[in-house]
>>> print(open('model25.txt').read())   # compact mmCIF, C-alpha atoms
# COMPACT_ATOMS: atom_id res chain seq x y z
CA MET A 1 30.67 -5.91 -54.21
CA LEU A 2 33.18 -8.43 -52.84
CA ARG A 3 35.92 -5.82 -53.04
CA ALA A 4 33.76 -3.37 -51.10
CA HIS A 5 33.23 -6.02 -48.45
CA ALA A 6 36.94 -6.66 -48.24
CA ARG A 7 37.66 -2.95 -47.84
CA SER A 8 35.02 -2.71 -45.12
CA TYR A 9 36.47 -5.67 -43.27
CA THR A 10 40.03 -4.36 -43.57
CA ALA A 11 38.97 -0.96 -42.24
CA SER A 12 37.25 -2.65 -39.31
CA MET A 13 40.38 -4.58 -38.44
CA GLN A 14 42.50 -1.44 -38.67
CA LEU A 15 40.16 0.35 -36.27
CA LEU A 16 40.30 -2.55 -33.88
CA ALA A 17 44.11 -2.56 -33.94
CA ARG A 18 44.10 0.94 -32.42
CA PHE A 19 42.66 -0.39 -29.19
CA PRO A 20 44.17 -2.96 -26.80
CA THR A 21 42.63 -6.39 -27.28
CA THR A 22 41.94 -6.68 -23.56
CA GLN A 23 39.77 -3.56 -23.60
CA ILE A 24 37.60 -4.84 -26.46
CA ALA A 25 37.46 -8.28 -24.85
CA ARG A 26 36.18 -6.79 -21.60
CA PHE A 27 33.43 -4.93 -23.41
CA LEU A 28 32.42 -8.02 -25.37
CA ALA A 29 32.41 -10.02 -22.13
CA MET A 30 29.98 -7.49 -20.65
CA VAL A 31 27.71 -7.84 -23.72
CA THR A 32 27.94 -11.62 -23.42
CA ALA A 33 26.84 -11.39 -19.79
CA LEU A 34 23.68 -9.66 -20.96
CA LEU A 35 23.11 -12.41 -23.51
CA VAL A 36 23.25 -15.18 -20.96
CA GLY A 37 19.65 -14.85 -20.15
CA VAL A 38 17.26 -12.07 -20.69
CA ALA A 39 13.39 -10.39 -22.64
CA VAL A 40 10.26 -8.49 -22.88
CA PRO A 41 7.48 -11.08 -22.91
CA GLY A 42 4.61 -10.66 -25.37
CA CYS A 43 1.00 -11.57 -24.78
CA ALA A 44 1.42 -14.91 -26.58
CA ASP A 45 4.47 -15.96 -24.62
CA PRO A 46 4.21 -19.15 -22.55
CA ILE A 47 4.13 -18.81 -18.79
CA TYR A 48 7.31 -19.98 -17.11
CA ASP A 49 7.57 -21.05 -13.48
CA THR A 50 10.25 -18.93 -11.83
CA SER A 51 8.92 -19.19 -8.28
CA THR A 52 12.21 -20.57 -6.93
CA PRO A 53 15.86 -20.21 -7.96
CA ASP A 54 15.94 -23.78 -9.31
CA ALA A 55 12.66 -23.22 -11.17
CA LEU A 56 14.26 -20.23 -12.89
CA LEU A 57 17.17 -22.36 -14.11
CA ASP A 58 14.68 -24.95 -15.36
CA ALA A 59 12.73 -22.20 -17.16
CA VAL A 60 15.85 -21.04 -19.00
CA GLN A 61 16.49 -24.61 -20.12
CA LYS A 62 12.86 -25.03 -21.17
CA ALA A 63 12.96 -21.90 -23.37
CA VAL A 64 16.02 -23.32 -25.14
CA LYS A 65 14.56 -26.80 -25.54
CA ASP A 66 11.28 -25.39 -26.87
CA GLY A 67 13.14 -23.37 -29.50
CA ARG A 68 12.14 -19.99 -28.05
CA PRO A 69 15.43 -18.10 -27.54
CA GLU A 70 13.58 -14.81 -27.86
CA ASP A 71 12.05 -15.58 -24.44
CA LEU A 72 15.42 -15.67 -22.68
CA PRO A 73 15.61 -11.92 -21.92
CA GLN A 74 12.64 -12.04 -19.61
CA PHE A 75 14.75 -13.99 -17.14
CA ILE A 76 17.11 -11.14 -16.32
CA GLU A 77 16.75 -8.18 -14.01
CA ILE A 78 18.90 -5.13 -14.68
CA ALA A 79 18.66 -2.50 -11.96
CA ALA A 80 18.03 0.99 -13.33
CA ARG A 81 18.87 4.21 -11.56
CA ASP A 82 16.04 6.65 -10.98
CA ILE A 83 17.34 9.15 -13.53
CA THR A 84 16.08 10.83 -16.68
CA PHE A 85 18.50 11.71 -19.47
CA ASP A 86 18.58 15.04 -21.32
CA ASP A 87 16.26 13.77 -24.07
CA GLY A 88 13.61 12.74 -21.54
CA VAL A 89 14.37 9.00 -21.71
CA THR A 90 14.72 7.26 -18.37
CA GLU A 91 17.43 4.71 -17.75
CA ALA A 92 14.75 2.07 -17.19
CA SER A 93 13.37 2.82 -20.66
CA ALA A 94 16.85 2.67 -22.21
CA ILE A 95 17.42 -0.72 -20.61
CA GLY A 96 14.03 -1.87 -21.87
CA ASP A 97 15.05 -0.89 -25.41
CA VAL A 98 18.22 -2.97 -25.12
CA LYS A 99 16.22 -5.94 -23.85
CA GLY A 100 13.75 -5.63 -26.70
CA LYS A 101 16.50 -5.60 -29.33
CA LEU A 102 18.21 -8.50 -27.61
CA SER A 103 15.01 -10.52 -27.75
CA THR A 104 14.60 -9.83 -31.47
CA MET A 105 18.25 -10.62 -32.18
CA LEU A 106 18.12 -13.92 -30.28
CA GLY A 107 15.00 -14.91 -32.21
CA GLN A 108 16.79 -14.17 -35.48
CA LEU A 109 19.83 -16.16 -34.34
CA GLY A 110 17.55 -19.08 -33.53
CA ARG A 111 16.00 -19.01 -37.01
CA VAL A 112 19.40 -18.88 -38.72
CA SER A 113 20.62 -21.76 -36.57
CA SER A 114 17.61 -23.90 -37.51
CA LYS A 115 18.10 -23.22 -41.21
CA LEU A 116 21.81 -24.00 -41.06
CA LYS A 117 21.22 -27.32 -39.32
CA ALA A 118 18.53 -28.28 -41.81
CA ARG A 119 20.54 -27.20 -44.87
CA PHE A 120 23.86 -28.76 -43.84
CA ALA A 121 22.74 -31.77 -41.81
CA LYS A 122 25.21 -34.05 -43.62
CA ASP A 123 28.13 -31.70 -42.99
CA LEU A 124 27.28 -31.52 -39.29
CA ALA A 125 26.97 -35.30 -39.02
CA LYS A 126 30.36 -35.72 -40.71
CA SER A 127 31.91 -33.11 -38.44
CA HIS A 128 30.57 -34.85 -35.33
CA ALA A 129 31.81 -38.22 -36.56
CA SER A 130 35.36 -37.01 -37.23
CA PRO A 131 35.92 -33.82 -35.24
CA MET A 132 39.03 -31.78 -35.98
CA THR A 133 40.81 -29.63 -33.45
CA GLN A 134 40.27 -25.91 -33.73
CA ALA A 135 43.95 -25.47 -34.63
CA GLN A 136 43.62 -27.95 -37.50
CA ARG A 137 40.53 -26.25 -38.86
CA LEU A 138 42.09 -22.82 -38.60
CA ALA A 139 45.13 -24.09 -40.49
CA ASP A 140 42.84 -25.43 -43.20
CA ARG A 141 40.66 -22.37 -43.61
CA PHE A 142 42.43 -19.31 -42.22
CA GLY A 143 39.22 -17.61 -41.12
CA PHE A 144 36.32 -17.04 -38.78
CA GLY A 145 34.39 -20.19 -39.65
CA PRO A 146 35.80 -22.59 -37.03
CA ILE A 147 35.31 -20.01 -34.30
CA VAL A 148 31.68 -19.30 -35.03
CA GLU A 149 30.43 -22.58 -36.48
CA ARG A 150 29.14 -23.99 -33.19
CA ALA A 151 28.01 -20.54 -32.10
CA VAL A 152 25.65 -20.30 -35.08
CA THR A 153 24.59 -23.96 -35.30
CA GLU A 154 24.16 -24.57 -31.57
CA PRO A 155 24.07 -21.05 -30.07
CA PHE A 156 22.02 -22.00 -27.02
CA ALA A 157 23.28 -25.53 -26.44
CA PHE A 158 25.43 -24.44 -23.51
CA LEU A 159 22.40 -23.20 -21.57
CA ASP A 160 20.83 -26.64 -21.98
CA GLU A 161 23.95 -28.74 -21.48
CA SER A 162 25.13 -26.79 -18.43
CA ARG A 163 21.88 -27.17 -16.48
CA ALA A 164 23.12 -30.27 -14.66
CA LYS A 165 26.24 -28.38 -13.53
CA LEU A 166 24.39 -25.25 -12.44
CA LYS A 167 23.29 -24.88 -8.84
CA ALA A 168 21.38 -22.11 -7.11
CA VAL A 169 22.05 -21.55 -3.41
CA ASP A 170 19.25 -19.55 -1.77
CA LEU A 171 20.85 -17.12 0.68
CA GLY A 172 17.54 -16.41 2.43
CA ASP A 173 17.56 -12.66 1.81
CA GLY A 174 15.87 -12.57 -1.60
CA THR A 175 19.09 -13.43 -3.39
CA ALA A 176 20.78 -16.66 -4.44
CA ALA A 177 24.31 -17.52 -5.49
CA LEU A 178 24.70 -19.13 -8.91
CA LEU A 179 27.32 -21.87 -9.06
CA TYR A 180 28.78 -23.83 -11.96
CA ASN A 181 30.62 -26.98 -10.87
CA GLU A 182 30.42 -25.59 -7.32
CA ALA A 183 32.25 -22.38 -8.31
CA PRO A 184 30.57 -18.93 -8.52
CA VAL A 185 29.58 -18.05 -12.08
CA ALA A 186 31.75 -15.23 -13.45
CA GLY A 187 33.38 -14.88 -10.06
CA GLY A 188 30.07 -13.92 -8.46
CA PHE A 189 29.31 -11.22 -11.05
CA ILE A 190 26.12 -13.06 -12.03
CA ALA A 191 23.63 -14.00 -9.31
CA LEU A 192 19.89 -14.56 -8.83
CA ILE A 193 17.39 -12.19 -7.25
CA GLU A 194 13.75 -12.48 -6.22
CA THR A 195 11.38 -9.95 -7.81
CA GLY A 196 7.65 -9.40 -7.84
CA ASP A 197 7.49 -11.54 -10.98
CA GLY A 198 9.60 -14.40 -9.65
CA TRP A 199 13.32 -15.08 -9.63
CA ARG A 200 15.61 -13.49 -12.20
CA VAL A 201 19.25 -13.53 -13.25
CA THR A 202 21.00 -10.32 -12.27
CA ALA A 203 24.34 -8.68 -11.64
CA PRO A 204 24.76 -6.95 -8.27
CA PHE A 205 24.16 -3.21 -8.74
CA GLU A 206 27.35 -2.15 -7.00
CA LEU A 207 29.40 -4.45 -9.24
CA VAL A 208 27.90 -3.39 -12.57
CA GLN A 209 28.06 0.28 -11.73
CA SER A 210 31.75 -0.02 -10.89
CA ASN A 211 32.49 -1.90 -14.12
CA GLU A 212 34.37 0.44 -16.45
CA TYR A 213 32.35 -0.66 -19.46
CA TRP A 214 28.87 -0.56 -17.94
CA PRO A 215 26.68 2.03 -19.74
CA GLN A 216 26.25 5.21 -17.72
CA THR A 217 24.69 7.61 -20.23
CA ARG A 218 21.80 7.64 -22.67
CA HIS A 219 24.19 7.53 -25.62
CA GLU A 220 26.11 4.59 -24.22
CA TRP A 221 22.91 2.58 -23.80
CA ALA A 222 21.97 3.55 -27.36
CA VAL A 223 25.29 2.25 -28.70
CA LEU A 224 24.77 -1.03 -26.86
CA ALA A 225 21.35 -1.30 -28.50
CA SER A 226 23.03 -0.57 -31.85
CA VAL A 227 25.44 -3.47 -31.29
CA LEU A 228 22.48 -5.84 -30.95
CA LEU A 229 20.72 -4.26 -33.93
CA GLY A 230 23.91 -4.61 -35.98
CA VAL A 231 24.15 -8.30 -35.11
CA GLU A 232 20.51 -8.79 -36.08
CA ASN A 233 21.01 -7.02 -39.42
CA SER A 234 24.09 -9.12 -40.15
CA LEU A 235 22.09 -12.26 -39.43
CA LEU A 236 19.27 -11.04 -41.69
CA MET A 237 21.74 -10.42 -44.51
CA PHE A 238 23.26 -13.84 -44.02
CA GLU A 239 19.83 -15.48 -43.93
CA SER A 240 18.91 -13.95 -47.29
CA GLU A 241 22.15 -15.28 -48.81
CA LEU A 242 21.53 -18.68 -47.24
CA ASP A 243 17.99 -18.78 -48.67
CA ALA A 244 19.42 -17.86 -52.08
CA GLY A 245 21.65 -20.96 -51.97
CA LYS A 246 24.96 -19.10 -52.06
CA PHE A 247 26.79 -21.61 -49.87
CA LYS A 248 27.67 -25.15 -50.90
CA THR A 249 29.16 -26.22 -47.57
CA LEU A 250 28.79 -25.42 -43.89
CA ASP A 251 32.37 -24.19 -43.89
CA GLN A 252 31.54 -21.54 -46.48
CA ALA A 253 28.41 -20.50 -44.63
CA SER A 254 30.05 -20.24 -41.21
CA GLU A 255 32.98 -18.33 -42.68
CA ARG A 256 30.60 -15.79 -44.21
CA VAL A 257 28.42 -15.27 -41.13
CA GLY A 258 31.55 -14.98 -38.99
CA ARG A 259 32.88 -12.15 -41.12
CA LEU A 260 29.53 -10.35 -41.18
CA LEU A 261 29.20 -10.54 -37.40
CA GLY A 262 32.85 -9.69 -36.85
CA GLU A 263 32.67 -6.50 -38.88
CA SER A 264 29.51 -5.35 -37.14
CA VAL A 265 30.57 -6.06 -33.57
CA VAL A 266 34.13 -4.78 -34.00
CA VAL A 267 33.06 -1.39 -35.36
CA GLN A 268 30.40 -0.88 -32.69
CA SER A 269 32.81 -2.00 -29.97
CA VAL A 270 35.43 0.51 -31.07
CA ILE A 271 32.81 3.25 -31.07
CA TYR A 272 31.74 2.29 -27.55
CA ALA A 273 35.33 2.12 -26.30
CA SER A 274 35.93 5.61 -27.75
CA MET A 275 32.89 6.97 -25.92
CA LYS A 276 34.20 5.51 -22.65
CA GLY A 277 37.51 7.28 -23.27
CA LYS A 278 39.50 4.04 -23.54
CA ARG A 279 42.78 4.34 -25.40
>>> encode(input="model25.txt", output="structure tokens")
Amino acid sequence: MLRAHARSYTASMQLLARFPTTQIARFLAMVTALLVGVAVPGCADPIYDTSTPDALLDAVQKAVKDGRPEDLPQFIEIAARDITFDDGVTEASAIGDVKGKLSTMLGQLGRVSSKLKARFAKDLAKSHASPMTQAQRLADRFGFGPIVERAVTEPFAFLDESRAKLKAVDLGDGTAALLYNEAPVAGGFIALIETGDGWRVTAPFELVQSNEYWPQTRHEWAVLASVLLGVENSLLMFESELDAGKFKTLDQASERVGRLLGESVVVQSVIYASMKGKR
């Protein structure tokens, strides 16, 4: 089984090598932008105040503090074109599917994070007491662990910690600029917009549509949904191994989850880049 995993990982890396790193990085950056804040609220979801731009930022922080990362997707607005694809699915429906999978994936990530922190509390305390540089940890372990350890133990900490540095500037036309340390977030790619349900995080339509990696077809939206589903499945697999007690240290656990996520995202990213005709 371990050999099969190694072959799978090696094949993934070989596929990735066929594409320029910058192209994959741009696609992953676009996916990350979607993850910043986004979901389809259920009937039992708490009601968040998003009546003003600042209230929206507070609501995002509240969802993180309350341990409800699955609520984050409801805070984003993705403009859909008024089109219907060949299979009868509208773009709005395709976007809704992506949001739904994102919500489920974030919830799974939150559960894994909670279990890791509970299981390896001593390791985390030791790490915080005597932090090593990333270069030192990479030299010690030669793997994914150092890169993903904080991402899986504190995946939403940035949204909480950055609140004091985030500022919303209401432009008076139903939009607001989002600033971090007085500089536009993502160069202005991410902004705030007023909707019938309150304020939401968005990306200006003209900017996302001109982005070379933004989904334009039904199949491209489906692949993006598959990326999120792949991440969720990797987290589910890791959770079952974690529950079975297969890891003695946090280093071992973070190394394993890093490889699982890496394989999944890399393969799906290469598929997406191929569909966009990127060489």
>>> atom_distance(input="model25.txt", atom1="CA of Val64 (chain A)", atom2="CA of Glu161 (chain A)")
10.3 Å
>>> residues_around(input="model25.txt", residues="region 211-225 of chain A", least_positions_apart="3", cutoff="7 Å", atoms="only C-alpha atoms", output="PyMOL selection string")
chain A and resi 27+85+94+98+101+207-208+228-229+272
>>> atom_distance(input="model25.txt", atom1="CA of Gln61 (chain A)", atom2="CA of Arg259 (chain A)")
29.4 Å
>>> closest_residue(input="model25.txt", among="A:Ser254, A:Gln108, A:Lys248, A:Gly230", to="Val266 (chain A)", atoms="all atoms listed in the file")
A:Gly230
>>> residues_around(input="model25.txt", residues="Asp82 (chain A)", least_positions_apart="6", cutoff="10 Å", atoms="only C-alpha atoms", output="number ranges by chain")
A: 90-92
>>> write_last_selection(input="model25.txt", atoms="C-alpha atoms", output="mmCIF file, in the coordinates of the input")
data_model
loop_
_atom_site.group_PDB
_atom_site.id
_atom_site.type_symbol
_atom_site.label_atom_id
_atom_site.label_comp_id
_atom_site.auth_asym_id
_atom_site.auth_seq_id
_atom_site.Cartn_x
_atom_site.Cartn_y
_atom_site.Cartn_z
ATOM 1 C CA THR A 90 14.720 7.260 -18.370
ATOM 2 C CA GLU A 91 17.430 4.710 -17.750
ATOM 3 C CA ALA A 92 14.750 2.070 -17.190
#
>>> closest_atom_pairs(input="model25.txt", of="region 189-252 of chain A", to="region 111-124 of chain A", cutoff="7 Å", atoms="all atoms listed in the file", output="JSON lines")
{"residue": "A:Glu239", "atom": "CA", "partner": "A:Val112", "partner_atom": "CA", "distance": 6.2}
{"residue": "A:Thr249", "atom": "CA", "partner": "A:Phe120", "partner_atom": "CA", "distance": 7.0}
{"residue": "A:Leu250", "atom": "CA", "partner": "A:Phe120", "partner_atom": "CA", "distance": 6.0}
>>> atom_distance(input="model25.txt", atom1="CA of Val270 (chain A)", atom2="CA of Arg256 (chain A)")
21.5 Å
>>> closest_residue(input="model25.txt", among="A:Ala55, A:Leu236, A:Val265, A:Leu192", to="Gly172 (chain A)", atoms="all atoms listed in the file")
A:Leu192
>>> closest_residue(input="model25.txt", among="A:Gly107, A:Gly88, A:Pro69, A:Gly187", to="Asp160 (chain A)", atoms="only C-alpha atoms")
A:Pro69
>>> residues_around(input="model25.txt", residues="Ser264 (chain A)", least_positions_apart="4", cutoff="9 Å", atoms="only C-alpha atoms", output="PDB file with C-alpha atoms, in the coordinates of the input")
ATOM      1  CA  SER A  12      37.250  -2.650 -39.310  1.00  0.00           C
ATOM      2  CA  VAL A 227      25.440  -3.470 -31.290  1.00  0.00           C
ATOM      3  CA  GLY A 230      23.910  -4.610 -35.980  1.00  0.00           C
ATOM      4  CA  VAL A 231      24.150  -8.300 -35.110  1.00  0.00           C
ATOM      5  CA  ASN A 233      21.010  -7.020 -39.420  1.00  0.00           C
ATOM      6  CA  SER A 234      24.090  -9.120 -40.150  1.00  0.00           C
ATOM      7  CA  ARG A 259      32.880 -12.150 -41.120  1.00  0.00           C
ATOM      8  CA  LEU A 260      29.530 -10.350 -41.180  1.00  0.00           C
ATOM      9  CA  GLN A 268      30.400  -0.880 -32.690  1.00  0.00           C
ATOM     10  CA  SER A 269      32.810  -2.000 -29.970  1.00  0.00           C
TER      11      SER A 269
END
>>> closest_residue(input="model25.txt", among="A:Ile47, A:Ala151, A:Val89, A:Leu261", to="Glu232 (chain A)", atoms="all atoms listed in the file")
A:Leu261
>>> residues_around(input="model25.txt", residues="Arg200 (chain A)", least_positions_apart="3", cutoff="6 Å", atoms="only C-alpha atoms", output="PyMOL selection string")
chain A and resi 75-77+192-193
>>> closest_residue(input="model25.txt", among="A:Ala79, A:Gly258, A:Gly277, A:Asp71", to="Ala59 (chain A)", atoms="all atoms listed in the file")
A:Asp71
>>> build_atoms(input="model25.txt", residues="region 66-79 of chain A", atoms="N, CA and C atoms", output="compact mmCIF listing (two decimals), in the coordinates of the input")
# COMPACT_ATOMS: atom_id res chain seq x y z
N ASP A 66 12.49 -25.64 -26.09
CA ASP A 66 11.28 -25.39 -26.87
C ASP A 66 11.54 -24.55 -28.11
N GLY A 67 12.80 -24.17 -28.32
CA GLY A 67 13.14 -23.37 -29.50
C GLY A 67 12.61 -21.95 -29.43
N ARG A 68 12.63 -21.35 -28.24
CA ARG A 68 12.14 -19.99 -28.05
C ARG A 68 13.24 -19.11 -27.42
N PRO A 69 14.35 -18.92 -28.11
CA PRO A 69 15.43 -18.10 -27.54
C PRO A 69 15.03 -16.66 -27.30
N GLU A 70 14.03 -16.19 -28.05
CA GLU A 70 13.58 -14.81 -27.86
C GLU A 70 12.95 -14.60 -26.48
N ASP A 71 12.61 -15.70 -25.79
CA ASP A 71 12.05 -15.58 -24.44
C ASP A 71 13.12 -15.40 -23.36
N LEU A 72 14.36 -15.69 -23.69
CA LEU A 72 15.42 -15.67 -22.68
C LEU A 72 15.56 -14.33 -21.95
N PRO A 73 15.42 -13.19 -22.64
CA PRO A 73 15.61 -11.92 -21.92
C PRO A 73 14.67 -11.64 -20.77
N GLN A 74 13.54 -12.31 -20.72
CA GLN A 74 12.64 -12.04 -19.61
C GLN A 74 13.16 -12.59 -18.29
N PHE A 75 14.22 -13.38 -18.35
CA PHE A 75 14.75 -13.99 -17.14
C PHE A 75 15.86 -13.18 -16.49
N ILE A 76 16.07 -11.96 -16.92
CA ILE A 76 17.11 -11.14 -16.32
C ILE A 76 16.52 -9.88 -15.71
N GLU A 77 17.14 -9.43 -14.67
CA GLU A 77 16.75 -8.18 -14.01
C GLU A 77 17.95 -7.25 -14.00
N ILE A 78 17.83 -6.12 -14.66
CA ILE A 78 18.90 -5.13 -14.68
C ILE A 78 18.43 -3.91 -13.90
N ALA A 79 19.07 -3.63 -12.79
CA ALA A 79 18.66 -2.50 -11.96
C ALA A 79 18.91 -1.18 -12.68
